[in-house]
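Undergrad: Provided herewith: structure10.pdb, PDB, C-alpha atoms and all ligand atoms.
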ATOM      1  CA  MET A1154      -0.171 -10.335 -36.692
ATOM      2  CA  LYS A1155       1.913  -7.268 -35.925
ATOM      3  CA  LYS A1156      -1.221  -5.452 -34.762
ATOM      4  CA  ILE A1157      -2.098  -8.221 -32.308
ATOM      5  CA  LEU A1158       1.386  -8.129 -30.823
ATOM      6  CA  LEU A1159       1.175  -4.369 -30.405
ATOM      7  CA  VAL A1160      -2.160  -4.666 -28.601
ATOM      8  CA  LEU A1161      -0.720  -7.338 -26.290
ATOM      9  CA  ALA A1162       2.273  -5.137 -25.572
ATOM     10  CA  LEU A1163      -0.021  -2.258 -24.636
ATOM     11  CA  ILE A1164      -2.085  -4.444 -22.301
ATOM     12  CA  HIS A1165       1.111  -5.624 -20.634
ATOM     13  CA  THR A1166       2.395  -2.064 -20.188
ATOM     14  CA  THR A1167      -0.901  -0.969 -18.638
ATOM     15  CA  SER A1168      -0.853  -3.787 -16.079
ATOM     16  CA  VAL A1169       2.632  -2.800 -14.898
ATOM     17  CA  TYR A1170       1.303   0.586 -13.869
ATOM     18  CA  ALA A1171      -1.883  -0.699 -12.265
ATOM     19  CA  LYS A1172      -2.221   0.356  -8.636
ATOM     20  CA  SER A1173      -1.177  -2.447  -6.296
ATOM     21  CA  GLU A1174      -2.854  -3.213  -2.977
ATOM     22  CA  LEU A1175      -1.665  -1.664   0.258
ATOM     23  CA  PRO A1176       0.851  -4.166   1.684
ATOM     24  CA  THR A1177      -0.001  -5.718   5.049
ATOM     25  CA  LYS A1178       1.715  -4.210   8.090
ATOM     26  CA  ILE A1179       4.745  -6.238   9.255
ATOM     27  CA  THR A1180       4.779  -6.934  13.008
ATOM     28  CA  GLY A1181       7.129  -8.571  15.495
ATOM     29  CA  LEU A1182      10.227  -6.568  14.513
ATOM     30  CA  LYS A1183      12.946  -5.837  17.059
ATOM     31  CA  THR A1184      13.488  -2.069  17.345
ATOM     32  CA  PRO A1185      13.293  -1.400  13.570
ATOM     33  CA  GLU A1186      14.988   1.843  12.479
ATOM     34  CA  SER A1187      15.267   1.970   8.698
ATOM     35  CA  VAL A1188      13.945   0.282   5.581
ATOM     36  CA  VAL A1189      14.714  -0.004   1.880
ATOM     37  CA  GLN A1190      13.194  -1.989  -0.983
ATOM     38  CA  GLY A1191      15.420  -3.690  -3.542
ATOM     39  CA  LYS A1192      14.647  -3.823  -7.241
ATOM     40  CA  ASP A1193      13.532  -7.475  -6.888
ATOM     41  CA  GLY A1194      10.826  -6.390  -4.438
ATOM     42  CA  SER A1195      12.521  -7.621  -1.255
ATOM     43  CA  ILE A1196      12.236  -5.212   1.675
ATOM     44  CA  TYR A1197      15.203  -4.898   4.056
ATOM     45  CA  ILE A1198      14.664  -3.598   7.602
ATOM     46  CA  SER A1199      17.446  -2.676  10.053
ATOM     47  CA  GLU A1200      16.781  -3.815  13.615
ATOM     48  CA  ILE A1201      18.753  -2.383  16.525
ATOM     49  CA  VAL A1202      17.318  -5.077  18.841
ATOM     50  CA  GLU A1203      18.679  -3.834  22.212
ATOM     51  CA  PHE A1204      19.875  -0.212  22.043
ATOM     52  CA  GLY A1205      23.514   0.137  23.114
ATOM     53  CA  LYS A1206      24.131  -3.609  22.998
ATOM     54  CA  ASP A1207      26.663  -4.669  20.377
ATOM     55  CA  GLY A1208      26.469  -7.809  18.275
ATOM     56  CA  ASP A1209      22.696  -8.305  18.450
ATOM     57  CA  GLY A1210      21.724  -6.016  15.558
ATOM     58  CA  GLN A1211      20.357  -7.482  12.358
ATOM     59  CA  ILE A1212      18.737  -6.893   8.982
ATOM     60  CA  SER A1213      15.474  -8.668   8.253
ATOM     61  CA  LYS A1214      14.276  -9.366   4.738
ATOM     62  CA  VAL A1215      10.625  -9.454   3.711
ATOM     63  CA  ASP A1216       9.977 -11.331   0.461
ATOM     64  CA  LYS A1217       7.187 -10.504  -1.973
ATOM     65  CA  LYS A1218       4.821 -12.895  -0.181
ATOM     66  CA  GLY A1219       5.401 -11.124   3.143
ATOM     67  CA  ASN A1220       7.628 -13.829   4.695
ATOM     68  CA  VAL A1221      10.159 -12.338   7.113
ATOM     69  CA  THR A1222      13.603 -13.940   7.526
ATOM     70  CA  ILE A1223      16.867 -12.755   9.090
ATOM     71  CA  PHE A1224      19.106 -11.669   6.213
ATOM     72  CA  ALA A1225      22.226 -10.441   8.058
ATOM     73  CA  LYS A1226      23.203 -10.475  11.728
ATOM     74  CA  GLY A1227      26.005  -9.689  14.193
ATOM     75  CA  MET A1228      25.712  -5.908  13.838
ATOM     76  CA  ASP A1229      25.680  -3.412  16.713
ATOM     77  CA  ASP A1230      22.873  -0.818  16.464
ATOM     78  CA  PRO A1231      22.129  -0.755  12.697
ATOM     79  CA  LYS A1232      20.163   2.273  11.536
ATOM     80  CA  GLY A1233      20.086   3.978   8.104
ATOM     81  CA  LEU A1234      20.104   1.820   4.976
ATOM     82  CA  ALA A1235      21.010   2.643   1.385
ATOM     83  CA  MET A1236      21.232   0.394  -1.635
ATOM     84  CA  ILE A1237      23.689   0.755  -4.505
ATOM     85  CA  GLY A1238      23.350  -2.006  -7.099
ATOM     86  CA  ASP A1239      22.885  -5.228  -5.131
ATOM     87  CA  LYS A1240      24.870  -4.021  -2.107
ATOM     88  CA  LEU A1241      23.266  -2.687   1.028
ATOM     89  CA  TYR A1242      25.049  -0.025   3.115
ATOM     90  CA  VAL A1243      24.271   0.267   6.811
ATOM     91  CA  ALA A1244      25.033   3.046   9.310
ATOM     92  CA  ASP A1245      25.925   0.872  12.299
ATOM     93  CA  LYS A1246      26.572   3.051  15.366
ATOM     94  CA  ASN A1247      30.155   4.242  14.706
ATOM     95  CA  ARG A1248      30.938   2.527  11.380
ATOM     96  CA  VAL A1249      29.434   1.858   7.980
ATOM     97  CA  LEU A1250      28.934  -1.700   6.775
ATOM     98  CA  GLU A1251      28.611  -3.115   3.267
ATOM     99  CA  VAL A1252      26.295  -6.126   3.038
ATOM    100  CA  ASN A1253      26.603  -8.545   0.130
ATOM    101  CA  LYS A1254      23.594 -10.110  -1.533
ATOM    102  CA  ASP A1255      24.090 -13.357   0.429
ATOM    103  CA  GLY A1256      23.871 -11.456   3.761
ATOM    104  CA  THR A1257      27.589 -11.597   4.590
ATOM    105  CA  TRP A1258      29.065  -8.187   5.365
ATOM    106  CA  GLN A1259      32.277  -6.284   5.865
ATOM    107  CA  VAL A1260      33.183  -2.910   7.376
ATOM    108  CA  TYR A1261      33.117  -0.251   4.640
ATOM    109  CA  GLY A1262      33.980   2.758   6.763
ATOM    110  CA  ALA A1263      35.578   1.984  10.155
ATOM    111  CA  GLN A1264      35.288   4.452  13.060
ATOM    112  CA  MET A1265      38.978   5.364  12.825
ATOM    113  CA  ALA A1266      38.669   6.043   9.099
ATOM    114  CA  PHE A1267      36.359   8.971   9.864
ATOM    115  CA  PRO A1268      37.730  12.439  10.496
ATOM    116  CA  GLY A1269      36.615  13.037  14.095
ATOM    117  CA  THR A1270      34.958  10.280  16.103
ATOM    118  CA  PRO A1271      31.481   9.276  14.992
ATOM    119  CA  VAL A1272      29.288   8.143  17.867
ATOM    120  CA  PHE A1273      25.730   7.961  16.544
ATOM    121  CA  LEU A1274      25.781   7.356  12.809
ATOM    122  CA  ASN A1275      22.167   7.586  11.805
ATOM    123  CA  ASP A1276      20.982   8.051   8.226
ATOM    124  CA  ILE A1277      22.837   7.081   5.061
ATOM    125  CA  GLU A1278      22.109   8.304   1.562
ATOM    126  CA  ALA A1279      23.690   7.612  -1.830
ATOM    127  CA  ASP A1280      24.075  10.101  -4.663
ATOM    128  CA  ASN A1281      23.864   9.139  -8.323
ATOM    129  CA  LEU A1282      27.658   8.621  -8.556
ATOM    130  CA  GLY A1283      27.968   6.024  -5.775
ATOM    131  CA  ASN A1284      29.180   8.351  -3.024
ATOM    132  CA  LEU A1285      27.524   7.964   0.366
ATOM    133  CA  TYR A1286      26.496  10.640   2.862
ATOM    134  CA  VAL A1287      26.137   9.704   6.537
ATOM    135  CA  SER A1288      24.717  11.764   9.382
ATOM    136  CA  ASP A1289      26.201  11.507  12.864
ATOM    137  CA  SER A1290      23.601  12.694  15.377
ATOM    138  CA  GLY A1291      26.295  12.956  18.053
ATOM    139  CA  ASP A1292      24.816  13.202  21.556
ATOM    140  CA  LEU A1293      21.422  13.902  19.898
ATOM    141  CA  LYS A1294      21.322  17.556  20.949
ATOM    142  CA  SER A1295      24.448  19.628  20.730
ATOM    143  CA  GLY A1296      26.537  18.985  17.700
ATOM    144  CA  GLY A1297      26.807  16.322  15.054
ATOM    145  CA  GLN A1298      28.452  15.836  11.690
ATOM    146  CA  ILE A1299      27.569  14.998   8.133
ATOM    147  CA  TYR A1300      30.207  12.907   6.366
ATOM    148  CA  LYS A1301      30.816  11.969   2.763
ATOM    149  CA  ILE A1302      32.247   8.536   1.962
ATOM    150  CA  ALA A1303      33.674   8.603  -1.546
ATOM    151  CA  LYS A1304      32.744   5.784  -3.915
ATOM    152  CA  GLY A1305      34.907   2.780  -3.065
ATOM    153  CA  GLY A1306      34.978   3.583   0.675
ATOM    154  CA  SER A1307      37.610   6.309   0.975
ATOM    155  CA  PRO A1308      38.367   9.010   1.640
ATOM    156  CA  ILE A1309      35.806   9.946   4.269
ATOM    157  CA  THR A1310      35.463  13.717   4.576
ATOM    158  CA  VAL A1311      33.371  16.171   6.585
ATOM    159  CA  VAL A1312      30.563  17.927   4.678
ATOM    160  CA  ALA A1313      29.394  19.935   7.703
ATOM    161  CA  ASP A1314      29.981  19.806  11.442
ATOM    162  CA  SER A1315      29.075  21.619  14.647
ATOM    163  CA  LYS A1316      31.235  24.629  13.773
ATOM    164  CA  ASN A1317      28.053  25.435  11.865
ATOM    165  CA  PRO A1318      25.481  26.144  14.654
ATOM    166  CA  ASP A1319      22.682  24.667  12.513
ATOM    167  CA  ILE A1320      24.282  21.222  12.795
ATOM    168  CA  LEU A1321      22.877  20.063  16.151
ATOM    169  CA  ALA A1322      21.773  16.465  15.574
ATOM    170  CA  PRO A1323      21.521  15.818  11.835
ATOM    171  CA  ASN A1324      19.403  12.774  11.061
ATOM    172  CA  GLY A1325      17.472  12.192   7.809
ATOM    173  CA  LEU A1326      19.380  12.963   4.605
ATOM    174  CA  LEU A1327      18.191  13.272   1.021
ATOM    175  CA  PHE A1328      20.443  13.891  -1.976
ATOM    176  CA  GLU A1329      18.926  16.680  -3.993
ATOM    177  CA  GLY A1330      21.270  16.871  -6.968
ATOM    178  CA  ARG A1331      23.160  20.020  -7.997
ATOM    179  CA  ASN A1332      25.669  19.604  -5.178
ATOM    180  CA  ASN A1333      23.032  19.782  -2.429
ATOM    181  CA  LEU A1334      21.862  17.514   0.350
ATOM    182  CA  LEU A1335      18.744  18.011   2.456
ATOM    183  CA  SER A1336      19.160  17.308   6.174
ATOM    184  CA  VAL A1337      16.501  17.264   8.884
ATOM    185  CA  ASP A1338      17.636  17.845  12.453
ATOM    186  CA  PHE A1339      16.487  15.569  15.264
ATOM    187  CA  GLU A1340      16.951  18.273  17.917
ATOM    188  CA  SER A1341      15.561  21.411  16.244
ATOM    189  CA  GLY A1342      13.118  19.818  13.783
ATOM    190  CA  ILE A1343      14.458  22.141  11.099
ATOM    191  CA  LEU A1344      14.971  21.074   7.493
ATOM    192  CA  TYR A1345      18.125  22.441   5.856
ATOM    193  CA  ARG A1346      19.646  22.458   2.430
ATOM    194  CA  VAL A1347      23.368  21.749   2.812
ATOM    195  CA  ASN A1348      25.836  22.823   0.149
ATOM    196  CA  LEU A1349      28.113  19.823  -0.371
ATOM    197  CA  SER A1350      31.164  21.929  -1.276
ATOM    198  CA  THR A1351      31.000  24.557   1.464
ATOM    199  CA  GLY A1352      28.858  22.922   4.191
ATOM    200  CA  ALA A1353      26.735  26.087   4.274
ATOM    201  CA  THR A1354      23.145  25.537   5.427
ATOM    202  CA  THR A1355      19.933  27.204   4.283
ATOM    203  CA  LYS A1356      16.747  26.764   6.304
ATOM    204  CA  ILE A1357      13.920  25.522   4.082
ATOM    205  CA  GLY A1358      11.338  24.203   6.547
ATOM    206  CA  THR A1359      10.448  24.019  10.242
ATOM    207  CA  GLY A1360       8.194  22.048  12.587
ATOM    208  CA  PHE A1361       9.460  18.509  12.069
ATOM    209  CA  GLY A1362       9.909  17.693  15.775
ATOM    210  CA  GLY A1363      12.352  14.847  16.201
ATOM    211  CA  GLY A1364      13.018  14.798  12.463
ATOM    212  CA  ASP A1365      14.078  11.324  11.374
ATOM    213  CA  GLY A1366      13.563   9.932   7.843
ATOM    214  CA  MET A1367      12.986  11.903   4.657
ATOM    215  CA  VAL A1368      11.864  11.007   1.123
ATOM    216  CA  LYS A1369      10.838  12.833  -2.021
ATOM    217  CA  THR A1370       7.833  11.386  -3.866
ATOM    218  CA  LYS A1371       7.594  11.054  -7.646
ATOM    219  CA  ALA A1372       5.409  14.176  -7.606
ATOM    220  CA  GLY A1373       8.230  16.052  -5.823
ATOM    221  CA  LYS A1374       6.658  16.220  -2.371
ATOM    222  CA  ILE A1375       9.031  16.050   0.625
ATOM    223  CA  ILE A1376       7.818  13.727   3.406
ATOM    224  CA  ILE A1377       9.500  13.630   6.840
ATOM    225  CA  SER A1378       8.916  11.442   9.907
ATOM    226  CA  ASP A1379       9.021  12.693  13.497
ATOM    227  CA  TRP A1380      10.405  10.016  15.795
ATOM    228  CA  LYS A1381       9.572  11.861  19.024
ATOM    229  CA  ALA A1382       5.916  12.641  18.257
ATOM    230  CA  GLY A1383       5.199   9.561  16.123
ATOM    231  CA  LYS A1384       4.004  11.630  13.179
ATOM    232  CA  VAL A1385       4.609  11.796   9.438
ATOM    233  CA  TYR A1386       4.489  15.178   7.727
ATOM    234  CA  GLU A1387       4.696  16.689   4.284
ATOM    235  CA  LEU A1388       6.502  19.950   3.631
ATOM    236  CA  VAL A1389       4.097  22.660   2.531
ATOM    237  CA  ALA A1390       5.350  26.231   2.028
ATOM    238  CA  GLY A1391       8.168  25.906   4.571
ATOM    239  CA  LYS A1392       5.982  24.287   7.248
ATOM    240  CA  SER A1393       5.123  20.747   8.324
ATOM    241  CA  ARG A1394       1.625  19.373   7.685
ATOM    242  CA  VAL A1395       0.613  16.075   9.322
ATOM    243  CA  ILE A1396      -0.325  13.264   6.937
ATOM    244  CA  LYS A1397      -0.429  10.488   9.549
ATOM    245  CA  GLU A1398      -0.003  10.300  13.312
ATOM    246  CA  GLY A1399      -0.383   7.808  16.135
ATOM    247  CA  TYR A1400       2.926   5.985  15.776
ATOM    248  CA  LYS A1401       4.919   5.314  18.915
ATOM    249  CA  ALA A1402       8.218   6.281  17.232
ATOM    250  CA  ALA A1403       8.185   6.908  13.472
ATOM    251  CA  ALA A1404      11.780   6.177  12.443
ATOM    252  CA  ASP A1405      13.569   6.285   9.065
ATOM    253  CA  ILE A1406      10.976   6.147   6.289
ATOM    254  CA  ALA A1407      11.451   5.086   2.649
ATOM    255  CA  LEU A1408       9.381   4.765  -0.494
ATOM    256  CA  THR A1409       8.646   1.411  -2.104
ATOM    257  CA  ALA A1410      10.585   0.867  -5.349
ATOM    258  CA  ASP A1411       7.500   1.755  -7.432
ATOM    259  CA  GLY A1412       6.969   4.941  -5.406
ATOM    260  CA  GLN A1413       3.366   3.980  -4.539
ATOM    261  CA  PHE A1414       3.754   3.507  -0.802
ATOM    262  CA  LEU A1415       5.629   5.057   2.094
ATOM    263  CA  MET A1416       7.182   2.523   4.469
ATOM    264  CA  VAL A1417       7.231   3.643   8.127
ATOM    265  CA  PRO A1418       9.197   1.655  10.734
ATOM    266  CA  ASP A1419       7.621   2.186  14.156
ATOM    267  CA  MET A1420      10.640   1.526  16.353
ATOM    268  CA  THR A1421       8.834   1.152  19.669
ATOM    269  CA  ALA A1422       5.857  -0.813  18.321
ATOM    270  CA  GLY A1423       8.165  -3.150  16.361
ATOM    271  CA  GLU A1424       6.180  -2.688  13.169
ATOM    272  CA  LEU A1425       6.578  -1.639   9.552
ATOM    273  CA  ASP A1426       3.537   0.300   8.369
ATOM    274  CA  PHE A1427       2.621   1.315   4.819
ATOM    275  CA  ILE A1428       0.954   4.562   3.723
ATOM    276  CA  GLU A1429      -0.425   5.039   0.232
ATOM    277  CA  ILE A1430       1.130   7.996  -1.604
ATOM    278  CA  LYS A1431      -1.568  10.029  -3.295
TER
HETATM  279 CA    CA A1501      21.981  -3.498  19.424
HETATM  280 CA    CA A1502      17.287   7.892  11.497
END
Please render this file's structure as structure tokens.
TA:
Amino acid sequence: MKKILLVLALIHTTSVYAKSELPTKITGLKTPESVVQGKDGSIYISEIVEFGKDGDGQISKVDKKGNVTIFAKGMDDPKGLAMIGDKLYVADKNRVLEVNKDGTWQVYGAQMAFPGTPVFLNDIEADNLGNLYVSDSGDLKSGGQIYKIAKGGSPITVVADSKNPDILAPNGLLFEGRNNLLSVDFESGILYRVNLSTGATTKIGTGFGGGDGMVKTKAGKIIISDWKAGKVYELVAGKSRVIKEGYKAAADIALTADGQFLMVPDMTAGELDFIEIK
């Protein structure tokens, strides 16, 4: 009897790791910027709707069957998303919001709680301790900030700002561990490693155009989207190499929870595309 149970357990384990089918592209989205998948399989997509118009922004939720519903609304220009536990954190123009699992939300980091004045909060990334990092792309060309929001919502401190000439329009962020954050710049297309204690930057890759979202695959590959050119690249020996192109505006990418697929919001096309990770 014990043997049979063991065999059944093995079969079950194998099926969990079986390759799933490429999900169908989601269409009809309203200026989608960022995406994240929860542990229950639901996919959350931030939608700016009309750029610069407050109150019309929303988060859509895609269930496992592919049904799209509005999960949270009344935001301004919601962009980067991060999930900690069952809470969703949203970079919404000049503030950070915390969304509860029923879709209600509250301000987590108000504009006046930031040192300086954030104007274009863009990507948001959590570390393994529950702190958040938020990029402010500023005027998108000549000087932004990267902020840290301590676990619990305060204090909010500056990690790096435009006193460092490398910080032009920081966009995609990726926590690397060991006190480092990767940041890709929307203006220069350069990928930097940022020391979280000193704010010092080290160039580790170039050629990412209008660098937007960034992920690291299970195999350790860095993948970056280029909003301006509509391309998705991988980092190979300090340079960008195209893995997919033809998007109108490839915004803030994310991996599915199982790491099998890359999710690419095409902001201008109003679509969420999926790329298989090999
Ligand atoms: Ca809006
Ligand atoms: Ca972004």
Undergrad: For the file shown, what are the residues hit by the PyMOL selection byres (((not hetatm)) within 9 of (chain A and resi 1501)), laid out as a PyMOL selection string?
TA: chain A and resi 1184+1200-1211+1228-1231+1246
Undergrad: Select, from A:Ala1403, A:Ala1303, A:Val1188, A:Val1243, the residue with the minimum atom-to-atom distance to Ser1378 (chain A), counting only C-alpha atoms.
TA: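 Distance minimum relative to Ser1378 (chain A) lands on A:Ala1403.
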Undergrad: Please return as number ranges by chain the residues found within 8 Å of ligand CA 1502 (chain A), counting all atoms listed in the file.
TA: A: 1186-1187, 1232-1233, 1275-1276, 1324-1325, 1365-1366, 1404-1405
Undergrad: I need the residue nearest Leu1241 (chain A) from this list: A:Ser1315, A:Gln1190, A:Thr1222, A:Thr1180. Use all atoms listed in the file for the distance.
TA: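 Ranked by minimum distance to Leu1241 (chain A), first place goes to A:Gln1190.
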Undergrad: Name the residues that the PyMOL selection byres (((chain A and resi 1260-1263) around 8) and not hetatm) pulls out of this structure, and write them as a PyMOL selection string.
TA: chain A and resi 1247-1251+1258-1259+1264-1267+1302+1306-1307+1309
Undergrad: May I have the selected residues written with C-alpha atoms, as an mmCIF file, in the frame of the given file?
TA:
data_model
loop_
_atom_site.group_PDB
_atom_site.id
_atom_site.type_symbol
_atom_site.label_atom_id
_atom_site.label_comp_id
_atom_site.auth_asym_id
_atom_site.auth_seq_id
_atom_site.Cartn_x
_atom_site.Cartn_y
_atom_site.Cartn_z
ATOM 1 C CA ASN A 1247 30.155 4.242 14.706
ATOM 2 C CA ARG A 1248 30.938 2.527 11.380
ATOM 3 C CA VAL A 1249 29.434 1.858 7.980
ATOM 4 C CA LEU A 1250 28.934 -1.700 6.775
ATOM 5 C CA GLU A 1251 28.611 -3.115 3.267
ATOM 6 C CA TRP A 1258 29.065 -8.187 5.365
ATOM 7 C CA GLN A 1259 32.277 -6.284 5.865
ATOM 8 C CA GLN A 1264 35.288 4.452 13.060
ATOM 9 C CA MET A 1265 38.978 5.364 12.825
ATOM 10 C CA ALA A 1266 38.669 6.043 9.099
ATOM 11 C CA PHE A 1267 36.359 8.971 9.864
ATOM 12 C CA ILE A 1302 32.247 8.536 1.962
ATOM 13 C CA GLY A 1306 34.978 3.583 0.675
ATOM 14 C CA SER A 1307 37.610 6.309 0.975
ATOM 15 C CA ILE A 1309 35.806 9.946 4.269
#
Undergrad: Would you pick out the contacts of Asp1289 (chain A) at 7 Å or less, using only C-alpha atoms, so that residues sharing its chain but fewer than 4 positions from it are not included, and give the list as a PyMOL selection string?
TA: chain A and resi 1271-1275+1297-1299+1323
Undergrad: Spell out the residues picked by the PyMOL selection byres (((chain A and resi 1319-1322) around 12) and not hetatm) here, as a PyMOL selection string.
TA: chain A and resi 1272-1276+1288-1299+1312-1318+1323-1326+1336-1347+1352-1356+1362-1365
Undergrad: Adding 8 Å on each side of the box along x, y and z that holds all listed atoms of region 1170-1184 of chain A, could you give its centre and edge lengths in Å to one decimal, as JSON?
TA:
{"center_x": 5.3, "center_y": -4.0, "center_z": 1.7, "size_x": 32.3, "size_y": 25.2, "size_z": 47.2}
Undergrad: With all atoms listed in the file as the counted atoms, please give the residues lying no more than 10 Å from Leu1388 (chain A), apart from itself and same-chain residues fewer than 2 positions off, as a PyMOL selection string.
TA: chain A and resi 1344+1357-1361+1374-1377+1386+1390-1395
Undergrad: As an exercise, work out the distance from CA of Val1189 (chain A) to CA of Thr1351 (chain A) in Å and give it to one decimal place.
TA: 29.5 Å
Undergrad: With distances taken over all atoms listed in the file, which of A:Lys1301, A:Lys1178, A:Lys1183, A:Lys1217 is nearest to Leu1285 (chain A)?
TA: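 Result for the nearest residue to Leu1285 (chain A): A:Lys1301.
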Undergrad: Which of these, A:Thr1421, A:Thr1257, A:Thr1177, A:Gln1413, has the shortest distance to Lys1240 (chain A) once you count all atoms listed in the file?
TA: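 Closest residue, counting all atoms listed in the file: A:Thr1257.
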Undergrad: At a cut-off of 9 Å, using only C-alpha atoms, what residues contact Pro1176 (chain A)? Leave out same-chain residues fewer than 5 positions from it and give the result as a list in words.
TA: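 These residues fall inside the cut-off: Gly1219, Phe1414, Asp1426, Phe1427 and Ile1428 of chain A.
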Undergrad: Nearest to Gly1194 (chain A) among A:Met1236, A:Ala1225, A:Val1215, A:Gly1181, with distances taken over only C-alpha atoms: which residue is it?
TA: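 Selected residue with least distance to Gly1194 (chain A): A:Val1215.
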Undergrad: Using CA of Phe1328 (chain A) and CA of Tyr1242 (chain A) as the two end points, give the distance in Å to one decimal.
TA: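 Value for the CA of Phe1328 (chain A)-CA of Tyr1242 (chain A) distance: 15.5 Å.
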